[in-house]
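Visitor: I'm passing along coords.cif; it holds mmCIF, C-alpha atoms.
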```cif
data_work
#
loop_
_atom_site.label_atom_id
_atom_site.label_comp_id
_atom_site.auth_asym_id
_atom_site.auth_seq_id
_atom_site.Cartn_x
_atom_site.Cartn_y
_atom_site.Cartn_z
CA MET A 11 -26.20 -26.13 -5.58
CA THR A 12 -23.09 -24.22 -6.52
CA SER A 13 -23.41 -21.96 -3.52
CA LEU A 14 -23.24 -25.00 -1.25
CA ARG A 15 -19.78 -25.76 -2.53
CA PHE A 16 -18.43 -22.86 -0.54
CA LEU A 17 -20.23 -23.77 2.64
CA PRO A 18 -17.34 -25.79 4.18
CA LEU A 19 -14.97 -22.95 3.43
CA LEU A 20 -17.35 -20.46 5.01
CA LEU A 21 -17.67 -22.62 8.11
CA ILE A 22 -13.89 -22.93 8.41
CA CYS A 23 -13.53 -19.15 8.22
CA LEU A 24 -16.21 -18.71 10.85
CA PHE A 25 -14.73 -21.13 13.33
CA ALA A 26 -11.12 -20.32 12.64
CA SER A 27 -11.60 -16.95 14.31
CA THR A 28 -12.86 -18.55 17.51
CA VAL A 29 -9.91 -20.93 17.59
CA MET A 30 -7.52 -18.01 17.21
CA ALA A 31 -8.95 -16.24 20.21
CA GLN A 32 -6.51 -16.07 23.06
CA VAL A 33 -7.14 -17.78 26.37
CA GLN A 34 -8.74 -15.08 28.44
CA GLU A 35 -9.30 -15.15 32.14
CA GLU A 36 -11.88 -12.91 33.70
CA GLU A 37 -10.65 -9.59 35.01
CA ILE A 38 -11.26 -9.17 38.72
CA PRO A 39 -11.69 -5.55 39.81
CA SER A 40 -10.19 -4.53 43.10
CA ASP A 41 -12.49 -4.32 46.11
CA ASP A 42 -10.98 -0.96 46.97
CA PRO A 43 -12.91 1.81 45.16
CA VAL A 44 -9.98 4.22 45.57
CA ILE A 45 -7.70 1.89 43.62
CA GLU A 46 -10.33 1.41 40.92
CA GLN A 47 -10.70 5.19 40.59
CA ARG A 48 -6.94 5.68 40.42
CA LEU A 49 -6.67 2.89 37.85
CA ALA A 50 -9.42 4.48 35.76
CA ASN A 51 -7.59 7.82 35.75
CA LEU A 52 -4.15 6.38 35.13
CA SER A 53 -5.13 3.93 32.41
CA LYS A 54 -6.70 6.76 30.39
CA GLU A 55 -3.20 8.15 29.92
CA LEU A 56 -1.65 4.84 28.89
CA ARG A 57 -1.67 3.22 25.50
CA CYS A 58 -2.65 -0.34 24.79
CA LEU A 59 0.35 -1.77 22.95
CA GLN A 60 -1.58 -4.40 21.08
CA CYS A 61 -4.14 -2.09 19.52
CA GLN A 62 -2.08 1.10 19.72
CA ASN A 63 -4.92 3.52 19.09
CA GLN A 64 -6.80 2.70 22.24
CA THR A 65 -6.09 3.60 25.81
CA LEU A 66 -5.38 0.96 28.38
CA ALA A 67 -8.73 1.82 29.95
CA ASP A 68 -10.77 1.01 26.83
CA SER A 69 -8.87 -1.93 25.42
CA PRO A 70 -10.26 -5.45 25.60
CA ALA A 71 -6.90 -6.95 24.57
CA GLY A 72 -5.33 -9.62 26.76
CA LEU A 73 -2.20 -7.62 27.41
CA ALA A 74 -4.21 -4.57 28.47
CA ALA A 75 -6.05 -6.67 31.03
CA ASP A 76 -2.72 -8.02 32.30
CA LEU A 77 -1.31 -4.53 32.64
CA ARG A 78 -4.42 -3.34 34.48
CA ARG A 79 -4.03 -6.26 36.85
CA GLU A 80 -0.38 -5.40 37.37
CA ILE A 81 -1.26 -1.76 38.06
CA ARG A 82 -3.85 -2.88 40.65
CA VAL A 83 -1.27 -5.06 42.37
CA GLN A 84 1.23 -2.22 42.47
CA MET A 85 -1.32 0.28 43.75
CA LYS A 86 -2.29 -2.13 46.48
CA ALA A 87 1.40 -2.36 47.38
CA GLY A 88 1.35 1.40 47.89
CA LYS A 89 3.13 2.51 44.73
CA SER A 90 2.47 6.02 43.49
CA ASP A 91 1.21 6.77 39.99
CA GLN A 92 4.65 8.10 39.09
CA GLU A 93 6.33 4.91 40.22
CA ILE A 94 3.91 2.82 38.17
CA ILE A 95 4.47 4.96 35.07
CA ALA A 96 8.23 4.57 35.58
CA PHE A 97 7.75 0.79 35.88
CA LEU A 98 5.83 0.66 32.60
CA THR A 99 8.07 2.97 30.57
CA GLN A 100 11.10 0.97 31.70
CA ARG A 101 9.59 -2.05 30.01
CA TYR A 102 7.58 -0.66 27.13
CA GLY A 103 9.26 2.67 26.47
CA ASP A 104 7.68 6.11 26.20
CA PHE A 105 5.34 4.73 23.56
CA ILE A 106 3.02 3.52 26.29
CA LEU A 107 2.33 7.12 27.33
CA TYR A 108 -0.57 8.64 25.46
CA LYS A 109 0.68 12.07 26.38
CA PRO A 110 4.21 12.26 25.02
CA ARG A 111 6.91 13.49 27.35
CA VAL A 112 8.64 16.79 26.59
CA THR A 113 12.12 15.66 25.52
CA TYR A 114 14.40 16.83 22.73
CA THR A 115 12.89 14.23 20.40
CA THR A 116 9.38 15.58 20.96
CA TYR A 117 10.14 19.32 20.87
CA LEU A 118 8.90 19.52 17.28
CA LEU A 119 5.71 17.74 18.27
CA TRP A 120 5.02 19.98 21.26
CA PHE A 121 6.20 23.33 19.94
CA GLY A 122 5.84 22.85 16.16
CA PRO A 123 2.22 24.06 16.10
CA PHE A 124 3.14 27.27 17.97
CA VAL A 125 5.99 27.92 15.53
CA LEU A 126 3.52 27.47 12.67
CA LEU A 127 1.07 29.81 14.41
CA LEU A 128 3.72 32.52 14.79
CA ALA A 129 4.80 32.08 11.18
CA GLY A 130 1.17 32.36 10.08
CA LEU A 131 0.66 35.53 12.15
CA TYR A 132 3.80 37.07 10.63
CA VAL A 133 2.61 36.34 7.08
CA LEU A 134 -0.86 37.70 7.92
CA PHE A 135 0.48 40.99 9.37
CA ARG A 136 2.77 41.50 6.42
CA TYR A 137 -0.10 40.94 4.03
CA ILE A 138 -2.37 43.37 5.86
CA LYS A 139 0.36 45.98 5.91
CA GLN A 140 0.99 45.59 2.21
CA ARG A 141 -2.68 45.98 1.42
CA GLY A 142 -2.78 49.11 3.59
CA ASN A 143 -0.04 50.66 1.47
CA LEU A 144 -2.07 50.05 -1.68
CA LEU A 145 -4.88 52.33 -0.47
CA VAL A 146 -4.26 55.89 -1.73
CA GLU A 147 -6.62 58.75 -1.00
CA LYS A 148 -7.69 60.41 -4.26
CA PRO A 149 -9.83 63.54 -3.86
CA LEU A 150 -12.66 64.24 -6.35
CA SER A 151 -12.05 66.77 -9.05
CA ALA A 152 -14.41 69.77 -9.35
CA GLU A 153 -16.19 68.22 -12.33
CA GLU A 154 -16.75 64.92 -10.47
CA ARG A 155 -18.09 66.74 -7.43
CA ARG A 156 -20.58 68.66 -9.56
CA ARG A 157 -21.81 65.45 -11.18
CA ALA A 158 -22.15 63.72 -7.83
CA GLU A 159 -24.28 66.58 -6.43
CA GLU A 160 -26.43 66.50 -9.55
CA LEU A 161 -27.03 62.75 -9.15
CA LEU A 162 -27.88 63.12 -5.47
CA ALA A 163 -30.31 65.92 -6.18
CA SER A 164 -32.15 63.88 -8.82
CA THR A 165 -32.57 60.80 -6.59
CA PRO A 166 -36.16 59.63 -7.00
CA GLY A 167 -38.42 59.66 -3.95
CA LYS A 168 -36.50 62.43 -2.31
CA GLU A 169 -38.64 64.97 -0.43
CA THR A 170 -38.44 68.26 -2.32
CA THR A 171 -41.20 70.21 -0.57
CA MET B 1 7.14 32.71 -10.04
CA LEU B 2 6.78 32.46 -6.26
CA ARG B 3 3.08 31.63 -6.54
CA TYR B 4 4.05 28.41 -8.36
CA LEU B 5 7.04 27.57 -6.19
CA ILE B 6 5.17 27.68 -2.88
CA PRO B 7 2.64 24.92 -3.74
CA LEU B 8 5.46 22.91 -5.25
CA GLY B 9 7.47 23.30 -2.04
CA ILE B 10 4.51 22.22 0.10
CA PHE B 11 3.97 19.25 -2.20
CA LEU B 12 7.61 18.19 -1.92
CA VAL B 13 7.55 18.38 1.88
CA LEU B 14 4.42 16.23 1.87
CA VAL B 15 6.06 13.68 -0.44
CA ILE B 16 9.10 13.49 1.82
CA PHE B 17 6.99 12.86 4.92
CA LEU B 18 4.86 10.25 3.17
CA ALA B 19 7.99 8.50 1.88
CA ILE B 20 9.42 8.36 5.39
CA GLY B 21 6.10 6.98 6.64
CA LEU B 22 6.06 4.28 3.97
CA ARG B 23 9.64 3.24 4.55
CA ARG B 24 9.23 2.96 8.28
CA GLY B 25 7.50 -0.36 7.70
CA ASP B 26 5.27 -2.00 10.23
CA PRO B 27 3.93 0.56 12.71
CA HIS B 28 3.46 -2.27 15.19
CA GLU B 29 7.20 -2.64 15.44
CA LEU B 30 8.12 -0.58 18.45
CA PRO B 31 11.59 0.21 19.66
CA SER B 32 12.28 -1.87 22.73
CA ALA B 33 13.09 0.02 25.89
CA LEU B 34 15.19 -2.92 27.06
CA ILE B 35 17.93 -2.97 24.41
CA ASN B 36 21.35 -2.88 26.12
CA LYS B 37 19.71 -3.39 29.50
CA PRO B 38 20.14 -6.50 31.65
CA ALA B 39 17.54 -9.15 30.86
CA PRO B 40 14.98 -9.20 33.70
CA THR B 41 15.53 -12.16 35.97
CA PHE B 42 12.92 -14.87 36.08
CA ARG B 43 12.64 -18.38 37.38
CA LEU B 44 9.75 -20.35 35.93
CA PRO B 45 8.65 -23.99 35.75
CA GLN B 46 9.60 -25.86 32.60
CA LEU B 47 6.86 -26.89 30.20
CA LYS B 48 7.86 -30.51 29.75
CA ALA B 49 9.19 -31.00 33.26
CA PRO B 50 7.03 -28.84 35.56
CA GLU B 51 8.93 -30.00 38.66
CA LYS B 52 12.08 -28.35 37.26
CA THR B 53 12.60 -24.66 36.75
CA PHE B 54 14.45 -22.52 34.27
CA SER B 55 16.03 -19.17 34.90
CA ASN B 56 17.80 -16.78 32.55
CA GLU B 57 20.66 -16.96 35.06
CA ASP B 58 21.14 -20.63 34.10
CA VAL B 59 22.41 -19.71 30.63
CA ARG B 60 24.73 -16.89 31.62
CA GLY B 61 28.05 -16.90 29.81
CA LYS B 62 26.81 -17.58 26.29
CA VAL B 63 24.74 -15.89 23.64
CA TRP B 64 21.24 -17.32 23.55
CA LEU B 65 17.78 -16.64 22.16
CA LEU B 66 14.59 -16.32 24.12
CA ASN B 67 11.65 -16.95 21.84
CA ILE B 68 8.19 -15.99 23.11
CA TRP B 69 5.54 -18.35 21.76
CA ALA B 70 2.06 -19.69 22.42
CA SER B 71 -0.23 -22.26 20.88
CA TRP B 72 -2.88 -19.56 20.27
CA CYS B 73 -0.42 -17.48 18.30
CA ILE B 74 -0.94 -17.87 14.57
CA GLU B 75 2.26 -16.15 13.52
CA CYS B 76 4.23 -18.52 15.77
CA GLN B 77 3.07 -21.35 13.53
CA ARG B 78 4.58 -19.55 10.55
CA GLU B 79 7.88 -19.17 12.34
CA HIS B 80 7.97 -22.65 13.86
CA PRO B 81 9.37 -24.76 10.98
CA TYR B 82 12.31 -22.35 10.56
CA LEU B 83 13.25 -22.64 14.22
CA PHE B 84 14.35 -26.23 13.60
CA GLU B 85 16.81 -25.05 10.97
CA TYR B 86 18.17 -22.33 13.22
CA ALA B 87 18.48 -24.76 16.14
CA LYS B 88 20.14 -27.41 13.96
CA SER B 89 22.73 -24.94 12.67
CA GLY B 90 24.09 -24.86 16.21
CA VAL B 91 24.81 -21.14 16.07
CA VAL B 92 22.86 -20.31 19.16
CA PRO B 93 20.83 -22.14 21.80
CA ILE B 94 17.12 -21.33 21.53
CA TYR B 95 14.99 -21.31 24.66
CA GLY B 96 11.24 -20.85 24.57
CA LEU B 97 8.95 -18.85 26.79
CA ASN B 98 5.46 -20.26 26.57
CA TYR B 99 3.42 -17.09 27.02
CA LYS B 100 -0.08 -17.08 28.50
CA ASP B 101 -0.92 -20.52 27.27
CA LYS B 102 -2.62 -23.60 28.64
CA ARG B 103 -0.14 -26.36 29.41
CA ASP B 104 -2.15 -29.01 27.58
CA ASP B 105 -2.54 -26.83 24.48
CA ALA B 106 1.14 -25.97 24.50
CA LEU B 107 2.22 -29.61 24.84
CA ALA B 108 -0.20 -30.70 22.11
CA TRP B 109 1.16 -27.96 19.83
CA LEU B 110 4.75 -29.08 20.32
CA GLY B 111 3.67 -32.72 19.93
CA GLU B 112 2.08 -31.94 16.61
CA LEU B 113 4.63 -29.54 15.13
CA GLY B 114 7.76 -30.75 16.91
CA ASP B 115 9.86 -29.07 19.57
CA PRO B 116 12.82 -26.98 18.36
CA TYR B 117 13.54 -25.57 21.83
CA LEU B 118 16.15 -26.80 24.27
CA LEU B 119 13.36 -26.23 26.75
CA SER B 120 10.43 -23.92 27.27
CA ALA B 121 9.60 -22.05 30.45
CA VAL B 122 5.97 -21.42 31.33
CA ASP B 123 4.78 -17.86 31.85
CA LEU B 124 1.21 -18.69 32.70
CA ASP B 125 -0.10 -15.25 33.66
CA GLY B 126 2.19 -13.19 31.44
CA ARG B 127 3.94 -11.52 34.37
CA VAL B 128 7.44 -12.26 33.02
CA GLY B 129 6.16 -11.08 29.63
CA ILE B 130 5.42 -7.69 31.19
CA ASP B 131 8.98 -7.52 32.56
CA TYR B 132 10.32 -8.17 29.07
CA GLY B 133 7.95 -5.68 27.45
CA VAL B 134 6.22 -8.38 25.42
CA TYR B 135 3.23 -7.02 23.54
CA GLY B 136 2.64 -9.66 20.88
CA ALA B 137 3.97 -13.12 20.22
CA PRO B 138 6.15 -14.23 18.57
CA GLU B 139 8.97 -12.11 19.92
CA THR B 140 12.63 -13.05 20.02
CA TYR B 141 15.31 -11.63 22.29
CA VAL B 142 19.04 -11.98 21.66
CA ILE B 143 20.78 -12.06 25.04
CA ASP B 144 24.55 -11.88 25.31
CA GLN B 145 27.16 -13.54 27.54
CA SER B 146 26.70 -11.01 30.34
CA GLY B 147 22.92 -11.42 30.35
CA THR B 148 22.23 -8.19 28.48
CA ILE B 149 19.48 -7.90 25.90
CA ARG B 150 21.16 -6.87 22.64
CA PHE B 151 18.37 -7.24 20.14
CA LYS B 152 14.66 -7.84 19.97
CA TYR B 153 12.58 -8.89 17.03
CA VAL B 154 8.79 -8.77 17.03
CA GLY B 155 7.10 -11.07 14.55
CA PRO B 156 7.95 -14.39 12.93
CA MET B 157 11.65 -15.06 12.39
CA THR B 158 11.56 -15.89 8.69
CA PRO B 159 14.83 -16.78 6.90
CA ASP B 160 15.14 -13.14 5.70
CA VAL B 161 14.88 -11.85 9.24
CA TRP B 162 17.22 -14.55 10.49
CA SER B 163 20.06 -13.97 8.03
CA GLY B 164 19.52 -10.22 7.77
CA LYS B 165 18.90 -9.17 11.35
CA ILE B 166 19.36 -11.90 13.96
CA LEU B 167 22.40 -13.82 12.71
CA PRO B 168 24.64 -10.73 12.31
CA VAL B 169 23.92 -9.72 15.90
CA ILE B 170 24.74 -13.22 17.18
CA GLN B 171 27.97 -13.36 15.18
CA ARG B 172 29.02 -9.92 16.39
CA LEU B 173 28.34 -10.88 20.01
CA ASN B 174 30.23 -14.16 19.63
CA ARG B 175 33.23 -12.35 18.17
CA GLN B 176 33.20 -9.79 20.94
CA GLY B 177 32.82 -12.53 23.53
CA THR B 178 35.83 -14.55 22.32
CA SER B 179 38.09 -11.53 21.79
CA GLN B 180 37.69 -10.43 25.38
#
```
Is it possible to express this structure as C-alpha cells?

Guide:
Amino acid sequence: MTSLRFLPLLLICLFASTVMAQVQEEEIPSDDPVIEQRLANLSKELRCLQCQNQTLADSPAGLAADLRREIRVQMKAGKSDQEIIAFLTQRYGDFILYKPRVTYTTYLLWFGPFVLLLAGLYVLFRYIKQRGNLLVEKPLSAEERRRAEELLASTPGKETT
Amino acid sequence: MLRYLIPLGIFLVLVIFLAIGLRRGDPHELPSALINKPAPTFRLPQLKAPEKTFSNEDVRGKVWLLNIWASWCIECQREHPYLFEYAKSGVVPIYGLNYKDKRDDALAWLGELGDPYLLSAVDLDGRVGIDYGVYGAPETYVIDQSGTIRFKYVGPMTPDVWSGKILPVIQRLNRQGTSQ
C-alpha cells in the first residue's frame, strides 16, 4: 500500500515532461535536392546553440529546426554558404561555428598543440643526446679476454670433432 | 629537486585551468554577438490586440527592456513574479516578445499569472528570435535611447540579476542619455 502513496507524484513527473515540451511544427525539407545536400554539408559545420555539443544537422531542438528552415530559405534566395555563415555569426557569434576561426583569440587553440609537439621533440632529442654521452667504450683487459675465450670454448654442445 | 618541481608545476597549471572553468559559471551563457549593435528592426502583431502591431522603432528615444518569453518556458515562470516588481518600480518600460508560442496558450498564461508587460509582440515562427540571436527563453535585452542593444541576459531575471547586472546598466544608460 505504501508504494501507492507515491503514484500521484510519479504520474505528475511523467506528464510534467510532456507539458514542458515545446510546440513543434513539422520540418518540411526542400523539394530541391541540391539545397538539401548543401544544407546537409553546411549544417555539419554549425553548432546547435541549445544543446551545444551537437551539430545543427543532428539536433532535434526547436531552434535547430528553425535555423535549418532559415538556411533553406536563404539558399533558395540564392545566398552562398559564406553569406549564410556571415548571417548566422552576426546573430549568434563565432560560437555557432563548429570549426573555430583562426583569429588572435584562437591562436593558442590552433597552434598550441604544435608548440607542445615541438617542445616535446626538443626534450626528447636532448634526452637521447644525454644518454648517448653516458655510453663509454671500455675495452676488455687481457685477463678478461682470456676468461671469455675459456668460457666460449667450454660451451656445452659445441662441435669439437 | 627538479623531479619534484615538474609534477608540482603541472599540477598547479591544472588547478588554475580548473579554477577558471569553475568560475566561468554557466557554460550555456554565451557572449552575445549583438552587444553595442543596433537592435534588429521588427514589426509584429501584438498579443492582446492582434490587429495592432509593435515595432522596436516605436520605443526609440528611451531605455527599454525586451523580454523573450513563452508559455512553454519553465524558467519564464520563475522570472514572472519578479517582472511585476521591476515594472512597478517604473525604472524602465518592459516589453515582451512572445516567442514561438500558441496565442491561446500565451493568453491563458498571462491570464493566470498576470501581465507585467506594457505589451507583448508575437514572434510565431521565431524569425525575429533568430535576428536577435535568441537561443533559449527567457532572455532579456537592454536597448538604449538610440536603439542599440547594450546588454543581454539569458535566464530568469531574479532579484540578484536585476540589482547586480540589469539595473546598473539601465542607470548608466539613463545618466548618459540625460547628460547628452

Visitor: For the atom pair CA of Arg172 in chain B and CA of Arg150 in chain B, what is the interatomic distance in Å to one decimal place?

Guide: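 These two atoms are separated by 10.5 Å.
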
Visitor: Set the cut-off to 7 Å and count all atoms listed in the file: what are the residues of chain B that reach chain A? Output as a list in words.

Guide: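 The complete set of qualifying residues is Ser32, Ala33, Leu34, Trp72, Asp101, Asp131, Tyr132, Gly133, Tyr135 and Gly136 of chain B.
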
Visitor: Could you tell me which of B:Pro93, B:Gly147, B:Gly129, B:Pro156 comes closest to Asn36 in chain B if we count all atoms listed in the file?

Guide: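 Of B:Pro93, B:Gly147, B:Gly129, B:Pro156, the one nearest Asn36 in chain B is B:Gly147, counting all atoms listed in the file.
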
Visitor: Record the distance separating CA of Lys89 in chain A and CA of Val134 in chain B, expressed in Å with one decimal.

Guide: 22.4 Å

Visitor: Separation of CA of Val169 in chain B and CA of Tyr99 in chain B, in Å?

Guide: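 Taking CA of Val169 in chain B and CA of Tyr99 in chain B, their separation equals 24.5 Å.
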
Visitor: Using only C-alpha atoms, pick whichever of B:Pro40, B:Leu18, B:Lys100, B:Glu79 has the shortest atom-to-atom distance to Asp160 in chain B.

Guide: B:Glu79

Visitor: Using the chain letters and residue numbers of this document, give as an mmCIF file with C-alpha atoms, in the frame of the given file the residues selected by the PyMOL selection byres ((chain B and resi 122) around 12).

Guide:
```cif
data_model
loop_
_atom_site.group_PDB
_atom_site.id
_atom_site.type_symbol
_atom_site.label_atom_id
_atom_site.label_comp_id
_atom_site.auth_asym_id
_atom_site.auth_seq_id
_atom_site.Cartn_x
_atom_site.Cartn_y
_atom_site.Cartn_z
ATOM 1 C CA PHE B 42 12.920 -14.870 36.080
ATOM 2 C CA ARG B 43 12.640 -18.380 37.380
ATOM 3 C CA LEU B 44 9.750 -20.350 35.930
ATOM 4 C CA PRO B 45 8.650 -23.990 35.750
ATOM 5 C CA GLN B 46 9.600 -25.860 32.600
ATOM 6 C CA LEU B 47 6.860 -26.890 30.200
ATOM 7 C CA LYS B 48 7.860 -30.510 29.750
ATOM 8 C CA ALA B 49 9.190 -31.000 33.260
ATOM 9 C CA PRO B 50 7.030 -28.840 35.560
ATOM 10 C CA GLU B 51 8.930 -30.000 38.660
ATOM 11 C CA LYS B 52 12.080 -28.350 37.260
ATOM 12 C CA THR B 53 12.600 -24.660 36.750
ATOM 13 C CA PHE B 54 14.450 -22.520 34.270
ATOM 14 C CA SER B 55 16.030 -19.170 34.900
ATOM 15 C CA ASN B 67 11.650 -16.950 21.840
ATOM 16 C CA ILE B 68 8.190 -15.990 23.110
ATOM 17 C CA TRP B 69 5.540 -18.350 21.760
ATOM 18 C CA ALA B 70 2.060 -19.690 22.420
ATOM 19 C CA TYR B 95 14.990 -21.310 24.660
ATOM 20 C CA GLY B 96 11.240 -20.850 24.570
ATOM 21 C CA LEU B 97 8.950 -18.850 26.790
ATOM 22 C CA ASN B 98 5.460 -20.260 26.570
ATOM 23 C CA TYR B 99 3.420 -17.090 27.020
ATOM 24 C CA LYS B 100 -0.080 -17.080 28.500
ATOM 25 C CA ASP B 101 -0.920 -20.520 27.270
ATOM 26 C CA LYS B 102 -2.620 -23.600 28.640
ATOM 27 C CA ARG B 103 -0.140 -26.360 29.410
ATOM 28 C CA ASP B 104 -2.150 -29.010 27.580
ATOM 29 C CA ALA B 106 1.140 -25.970 24.500
ATOM 30 C CA LEU B 107 2.220 -29.610 24.840
ATOM 31 C CA LEU B 119 13.360 -26.230 26.750
ATOM 32 C CA SER B 120 10.430 -23.920 27.270
ATOM 33 C CA ALA B 121 9.600 -22.050 30.450
ATOM 34 C CA ASP B 123 4.780 -17.860 31.850
ATOM 35 C CA LEU B 124 1.210 -18.690 32.700
ATOM 36 C CA ASP B 125 -0.100 -15.250 33.660
ATOM 37 C CA GLY B 126 2.190 -13.190 31.440
ATOM 38 C CA ARG B 127 3.940 -11.520 34.370
ATOM 39 C CA VAL B 128 7.440 -12.260 33.020
ATOM 40 C CA GLY B 129 6.160 -11.080 29.630
#
```

Visitor: Quick one: residues within 9 Å of Pro39 in chain A, all atoms listed in the file counted, chain neighbours fewer than 2 positions away excluded, as a compact mmCIF listing (two decimals) with C-alpha atoms, keeping the file's coordinate frame?

Guide:
```
# COMPACT_ATOMS: atom_id res chain seq x y z
CA GLU A 37 -10.65 -9.59 35.01
CA ASP A 41 -12.49 -4.32 46.11
CA ASP A 42 -10.98 -0.96 46.97
CA GLU A 46 -10.33 1.41 40.92
CA ARG A 79 -4.03 -6.26 36.85
CA ARG A 82 -3.85 -2.88 40.65
```

Visitor: Neighbours of Gly177 in chain B within 10 Å (only C-alpha atoms; same-chain residues fewer than 3 positions away dropped), as a PyMOL selection string?

Guide: chain B and resi 61-63+144-146+171-174+180
